[in-house]
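Reading through the C-alpha cells given below for one structure.
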Amino acid sequence: METLQINLDHLKKEHWSNKELENATIVVDFIQNIMNNHDFDYVRKTYGGNPYKQHNQSMTDGLDGVLDVVSDFAKQYPDYQYDVKHIYVDGDHVTVHSHATNNKKHRGNPKKGLNIIDVWKVQNGKIVEHWDAVQPINGFLRFLFWMIGGKFRNANTYF
C-alpha cells in the first residue's frame, strides 16, 4: 500500500516558535504513525506512557481508546489514510485539518471521505489531550456515522 507522508516542512509556518515547531513535530509523528502507517505498536511504545484525555466521547478515555478505534477501523479499511491539509499551532495546542479516506481510489476526491479537524494539547513534549470534529462527506459515511454514533464512552465532554 502506498502510504501518505505528512510533509511538515511544507505545512509549517515561519512565525512558529521553536517550541511550537517541536509540538507540531510530535503531533505529526503521532498522526503519521497511527493514521497513515498504522504502526500501533510504535504509537503505544512512544506515546503510551503519557496521560491522554480524550474529548471525543465516542472513544474510551486514554490512548488505548483511540488505538482501539483506529486499529479496528484500519482492519476494516486497510487503505484508511489522513491527508493533512493544514497545521496551525498556538503554544501548546496543535490543530490539524485533514481529509481522511477509507479507499485509496478516493484520495484527493473532495466528494469522498471525512473532513476532520483535530486539536491536540502538547505539554512537556507529551500529547496530553485531544479534541476533534469529524464531518462525513459522502452519503455512505454519513450513514455509517449515524449508525455507530451516539454512544458515550467517556465523561470528559466535548469541551
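In the C-alpha cells, the first chain shown is A, the next is B, and so on; residue numbers restart at 1 for each chain, and ligands run from 1 in the order shown.
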(request) Please identify all polymer residues within 10 Å of Gln5 of chain A, counting only C-alpha atoms, omitting same-chain residues fewer than 3 positions from it, and present them as a list in words. (result)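 Everything that qualifies: Glu2, Leu8, Val28, Ile31, Gln32, Asn33, Asn36, Asn37, Gln81, Tyr82, Asp83 and Val84 of chain A.
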(request) Looking only at strand (DSSP E) from DSSP on the backbone, list the matching residues of chain A as JSON, numbers by chain. (result) {"A": [53, 54, 81, 82, 83, 84, 85, 86, 87, 88, 89, 90, 93, 94, 95, 96, 97, 98, 99, 100, 101, 114, 115, 116, 117, 118, 119, 120, 121, 122, 123, 126, 127, 128, 129, 130, 131, 132, 133, 134, 135, 136]}
(request) Compile the contact shell of segment 93-95 of chain A as a ChimeraX atom specification: residues with an atom at most 9 Å away, counting only C-alpha atoms, same-chain residues fewer than 5 positions apart removed. (result) /A:20,23-24,27,86-88,117-123
(request) Determine the nearest neighbour of Phe40 of chain A from the options A:Thr3, A:Lys75, A:Thr101, A:Lys85, counting only C-alpha atoms. (result)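 Counting only C-alpha atoms, the residue closest to Phe40 of chain A is A:Lys75.
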(request) Would you mind reading off the distance between atom CA of Glu129 of chain A and atom CA of His55 of chain A, one decimal, in Å? (result)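 Computed distance, atom CA of Glu129 of chain A to atom CA of His55 of chain A, equals 7.5 Å.
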What are the DSSP helix (DSSP H, G or I) residues of chain A, as an mmCIF file with N, CA and C atoms, in the first residue's frame?
data_model
loop_
_atom_site.group_PDB
_atom_site.id
_atom_site.type_symbol
_atom_site.label_atom_id
_atom_site.label_comp_id
_atom_site.auth_asym_id
_atom_site.auth_seq_id
_atom_site.Cartn_x
_atom_site.Cartn_y
_atom_site.Cartn_z
ATOM 1 N N LEU A 8 5.816 18.049 6.910
ATOM 2 C CA LEU A 8 5.804 19.158 7.867
ATOM 3 C C LEU A 8 6.553 20.372 7.326
ATOM 4 N N ASP A 9 7.632 20.155 6.584
ATOM 5 C CA ASP A 9 8.374 21.293 6.029
ATOM 6 C C ASP A 9 7.476 22.148 5.142
ATOM 7 N N HIS A 10 6.582 21.512 4.419
ATOM 8 C CA HIS A 10 5.656 22.224 3.527
ATOM 9 C C HIS A 10 4.530 22.905 4.310
ATOM 10 N N LEU A 11 4.133 22.325 5.431
ATOM 11 C CA LEU A 11 2.975 22.803 6.196
ATOM 12 C C LEU A 11 3.316 23.790 7.311
ATOM 13 N N ASN A 18 10.230 27.967 18.211
ATOM 14 C CA ASN A 18 10.879 26.651 18.251
ATOM 15 C C ASN A 18 10.024 25.644 19.022
ATOM 16 N N LYS A 19 9.408 26.087 20.121
ATOM 17 C CA LYS A 19 8.554 25.216 20.925
ATOM 18 C C LYS A 19 7.320 24.785 20.129
ATOM 19 N N GLU A 20 6.728 25.706 19.387
ATOM 20 C CA GLU A 20 5.569 25.360 18.568
ATOM 21 C C GLU A 20 5.943 24.377 17.462
ATOM 22 N N LEU A 21 7.108 24.564 16.850
ATOM 23 C CA LEU A 21 7.576 23.608 15.845
ATOM 24 C C LEU A 21 7.800 22.242 16.482
ATOM 25 N N GLU A 22 8.369 22.213 17.676
ATOM 26 C CA GLU A 22 8.556 20.949 18.398
ATOM 27 C C GLU A 22 7.208 20.275 18.664
ATOM 28 N N ASN A 23 6.211 21.048 19.095
ATOM 29 C CA ASN A 23 4.882 20.488 19.357
ATOM 30 C C ASN A 23 4.256 19.944 18.075
ATOM 31 N N ALA A 24 4.390 20.689 16.971
ATOM 32 C CA ALA A 24 3.863 20.221 15.684
ATOM 33 C C ALA A 24 4.570 18.943 15.243
ATOM 34 N N THR A 25 5.867 18.859 15.457
ATOM 35 C CA THR A 25 6.641 17.668 15.076
ATOM 36 C C THR A 25 6.149 16.445 15.831
ATOM 37 N N ILE A 26 5.858 16.601 17.117
ATOM 38 C CA ILE A 26 5.346 15.494 17.932
ATOM 39 C C ILE A 26 3.997 15.033 17.396
ATOM 40 N N VAL A 27 3.095 15.973 17.132
ATOM 41 C CA VAL A 27 1.766 15.627 16.640
ATOM 42 C C VAL A 27 1.840 14.984 15.256
ATOM 43 N N VAL A 28 2.675 15.504 14.381
ATOM 44 C CA VAL A 28 2.825 14.919 13.044
ATOM 45 C C VAL A 28 3.353 13.486 13.145
ATOM 46 N N ASP A 29 4.307 13.245 14.016
ATOM 47 C CA ASP A 29 4.817 11.882 14.209
ATOM 48 C C ASP A 29 3.686 10.960 14.678
ATOM 49 N N PHE A 30 2.896 11.440 15.621
ATOM 50 C CA PHE A 30 1.772 10.666 16.139
ATOM 51 C C PHE A 30 0.771 10.340 15.023
ATOM 52 N N ILE A 31 0.350 11.377 14.279
ATOM 53 C CA ILE A 31 -0.628 11.174 13.203
ATOM 54 C C ILE A 31 -0.068 10.254 12.124
ATOM 55 N N GLN A 32 1.170 10.502 11.707
ATOM 56 C CA GLN A 32 1.761 9.692 10.646
ATOM 57 C C GLN A 32 1.742 8.214 11.019
ATOM 58 N N ASN A 33 2.080 7.934 12.259
ATOM 59 C CA ASN A 33 2.195 6.534 12.659
ATOM 60 C C ASN A 33 0.875 5.868 12.995
ATOM 61 N N ILE A 34 -0.078 6.615 13.540
ATOM 62 C CA ILE A 34 -1.359 5.985 13.862
ATOM 63 C C ILE A 34 -2.301 5.969 12.656
ATOM 64 N N MET A 35 -2.389 7.061 11.931
ATOM 65 C CA MET A 35 -3.389 7.188 10.872
ATOM 66 C C MET A 35 -2.902 6.736 9.497
ATOM 67 N N ASN A 36 -1.632 6.913 9.211
ATOM 68 C CA ASN A 36 -1.134 6.566 7.879
ATOM 69 C C ASN A 36 -0.330 5.278 7.866
ATOM 70 N N PHE A 40 0.656 0.717 15.213
ATOM 71 C CA PHE A 40 0.069 0.873 16.542
ATOM 72 C C PHE A 40 1.038 0.489 17.654
ATOM 73 N N ASP A 41 1.940 -0.429 17.383
ATOM 74 C CA ASP A 41 2.962 -0.781 18.383
ATOM 75 C C ASP A 41 3.883 0.409 18.635
ATOM 76 N N TYR A 42 4.301 1.091 17.567
ATOM 77 C CA TYR A 42 5.147 2.270 17.713
ATOM 78 C C TYR A 42 4.424 3.339 18.530
ATOM 79 N N VAL A 43 3.162 3.595 18.197
ATOM 80 C CA VAL A 43 2.389 4.620 18.896
ATOM 81 C C VAL A 43 2.256 4.257 20.371
ATOM 82 N N ARG A 44 1.961 3.009 20.646
ATOM 83 C CA ARG A 44 1.819 2.569 22.040
ATOM 84 C C ARG A 44 3.144 2.727 22.796
ATOM 85 N N LYS A 45 4.257 2.349 22.154
ATOM 86 C CA LYS A 45 5.574 2.466 22.801
ATOM 87 C C LYS A 45 5.988 3.924 22.994
ATOM 88 N N THR A 46 5.747 4.743 21.988
ATOM 89 C CA THR A 46 6.214 6.123 22.008
ATOM 90 C C THR A 46 5.322 7.030 22.847
ATOM 91 N N TYR A 47 4.022 6.805 22.803
ATOM 92 C CA TYR A 47 3.075 7.723 23.449
ATOM 93 C C TYR A 47 2.260 7.070 24.564
ATOM 94 N N LEU A 63 -5.094 6.810 25.698
ATOM 95 C CA LEU A 63 -4.537 6.429 24.403
ATOM 96 C C LEU A 63 -5.112 5.111 23.902
ATOM 97 N N ASP A 64 -5.376 4.166 24.808
ATOM 98 C CA ASP A 64 -5.918 2.878 24.373
ATOM 99 C C ASP A 64 -7.244 3.037 23.646
ATOM 100 N N GLY A 65 -8.041 4.040 24.022
ATOM 101 C CA GLY A 65 -9.318 4.266 23.356
ATOM 102 C C GLY A 65 -9.147 4.577 21.882
ATOM 103 N N VAL A 66 -8.267 5.520 21.570
ATOM 104 C CA VAL A 66 -8.057 5.885 20.173
ATOM 105 C C VAL A 66 -7.341 4.757 19.424
ATOM 106 N N LEU A 67 -6.428 4.063 20.075
ATOM 107 C CA LEU A 67 -5.758 2.933 19.418
ATOM 108 C C LEU A 67 -6.747 1.827 19.080
ATOM 109 N N ASP A 68 -7.666 1.538 19.982
ATOM 110 C CA ASP A 68 -8.683 0.508 19.716
ATOM 111 C C ASP A 68 -9.537 0.884 18.515
ATOM 112 N N VAL A 69 -10.023 2.116 18.499
ATOM 113 C CA VAL A 69 -10.914 2.557 17.415
ATOM 114 C C VAL A 69 -10.179 2.571 16.080
ATOM 115 N N VAL A 70 -9.007 3.183 16.041
ATOM 116 C CA VAL A 70 -8.296 3.315 14.768
ATOM 117 C C VAL A 70 -7.772 1.963 14.280
ATOM 118 N N SER A 71 -7.288 1.119 15.170
ATOM 119 C CA SER A 71 -6.797 -0.199 14.718
ATOM 120 C C SER A 71 -7.951 -1.053 14.194
ATOM 121 N N ASP A 72 -9.110 -1.009 14.843
ATOM 122 C CA ASP A 72 -10.279 -1.735 14.330
ATOM 123 C C ASP A 72 -10.713 -1.172 12.978
ATOM 124 N N PHE A 73 -10.708 0.142 12.850
ATOM 125 C CA PHE A 73 -11.090 0.793 11.598
ATOM 126 C C PHE A 73 -10.108 0.416 10.485
ATOM 127 N N ALA A 74 -8.814 0.390 10.801
ATOM 128 C CA ALA A 74 -7.795 0.049 9.799
ATOM 129 C C ALA A 74 -7.892 -1.410 9.367
ATOM 130 N N LYS A 75 -8.364 -2.287 10.237
ATOM 131 C CA LYS A 75 -8.583 -3.687 9.838
ATOM 132 C C LYS A 75 -9.695 -3.759 8.805
ATOM 133 N N GLN A 76 -10.744 -2.989 9.030
ATOM 134 C CA GLN A 76 -11.874 -2.978 8.107
ATOM 135 C C GLN A 76 -11.543 -2.199 6.832
ATOM 136 N N LYS A 104 -8.181 3.853 -1.229
ATOM 137 C CA LYS A 104 -7.079 4.512 -1.941
ATOM 138 C C LYS A 104 -7.569 5.292 -3.161
ATOM 139 N N LYS A 105 -8.567 4.756 -3.867
ATOM 140 C CA LYS A 105 -9.050 5.438 -5.075
ATOM 141 C C LYS A 105 -9.790 6.735 -4.754
ATOM 142 N N HIS A 106 -10.148 6.958 -3.480
ATOM 143 C CA HIS A 106 -10.843 8.185 -3.091
ATOM 144 C C HIS A 106 -9.897 9.295 -2.632
ATOM 145 N N GLY A 139 -22.531 10.189 1.281
ATOM 146 C CA GLY A 139 -23.698 9.526 1.863
ATOM 147 C C GLY A 139 -23.384 8.275 2.655
ATOM 148 N N PHE A 140 -22.520 7.404 2.135
ATOM 149 C CA PHE A 140 -22.199 6.168 2.855
ATOM 150 C C PHE A 140 -21.615 6.469 4.227
ATOM 151 N N LEU A 141 -20.659 7.369 4.280
ATOM 152 C CA LEU A 141 -20.028 7.673 5.569
ATOM 153 C C LEU A 141 -20.990 8.404 6.504
ATOM 154 N N ARG A 142 -21.878 9.221 5.969
ATOM 155 C CA ARG A 142 -22.885 9.857 6.818
ATOM 156 C C ARG A 142 -23.778 8.797 7.457
ATOM 157 N N PHE A 143 -24.171 7.818 6.669
ATOM 158 C CA PHE A 143 -24.993 6.729 7.187
ATOM 159 C C PHE A 143 -24.217 5.920 8.231
ATOM 160 N N LEU A 144 -22.963 5.590 7.935
ATOM 161 C CA LEU A 144 -22.137 4.825 8.865
ATOM 162 C C LEU A 144 -22.004 5.560 10.202
ATOM 163 N N PHE A 145 -21.740 6.847 10.169
ATOM 164 C CA PHE A 145 -21.595 7.619 11.411
ATOM 165 C C PHE A 145 -22.912 7.682 12.176
ATOM 166 N N TRP A 146 -24.014 7.765 11.455
ATOM 167 C CA TRP A 146 -25.321 7.777 12.102
ATOM 168 C C TRP A 146 -25.571 6.450 12.815
ATOM 169 N N MET A 147 -25.145 5.351 12.185
ATOM 170 C CA MET A 147 -25.370 4.019 12.756
ATOM 171 C C MET A 147 -24.494 3.758 13.983
ATOM 172 N N ILE A 148 -23.246 4.193 13.956
ATOM 173 C CA ILE A 148 -22.322 3.853 15.047
ATOM 174 C C ILE A 148 -22.206 4.947 16.094
#
(message) For Tyr52 of chain A, find every residue with an atom within 7 Å (counting only C-alpha atoms), except residues of its own chain fewer than 2 positions away, and show them as a ChimeraX atom specification.
(response) /A:50,54,62-63,127-129
Would you write out those residues with C-alpha atoms, as an mmCIF file, in the first residue's frame?
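Output (result.cif):
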data_model
loop_
_atom_site.group_PDB
_atom_site.id
_atom_site.type_symbol
_atom_site.label_atom_id
_atom_site.label_comp_id
_atom_site.auth_asym_id
_atom_site.auth_seq_id
_atom_site.Cartn_x
_atom_site.Cartn_y
_atom_site.Cartn_z
ATOM 1 C CA ASN A 50 1.613 9.737 28.514
ATOM 2 C CA GLN A 54 -9.934 12.093 25.098
ATOM 3 C CA GLY A 62 -6.793 7.453 27.258
ATOM 4 C CA LEU A 63 -4.537 6.429 24.403
ATOM 5 C CA ILE A 127 0.380 14.703 23.909
ATOM 6 C CA VAL A 128 -1.979 15.077 26.865
ATOM 7 C CA GLU A 129 -5.369 15.996 25.373
#
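In this model, the gap between atom CA of Val134 of chain A and atom CA of Asp90 of chain A comes to 21.0 Å.
Counting from atom CA of Pro136 of chain A, the distance to atom CA of Lys111 of chain A is 9.7 Å.
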(message) Residues near Asn115 of chain A, anyone? I mean within 8 Å using only C-alpha atoms, not counting same-chain ones fewer than 3 positions away, as a list in words.
(response) His97, Ser98, His99, Ala100, Val134, Gln135, Pro136 and Ile137 of chain A
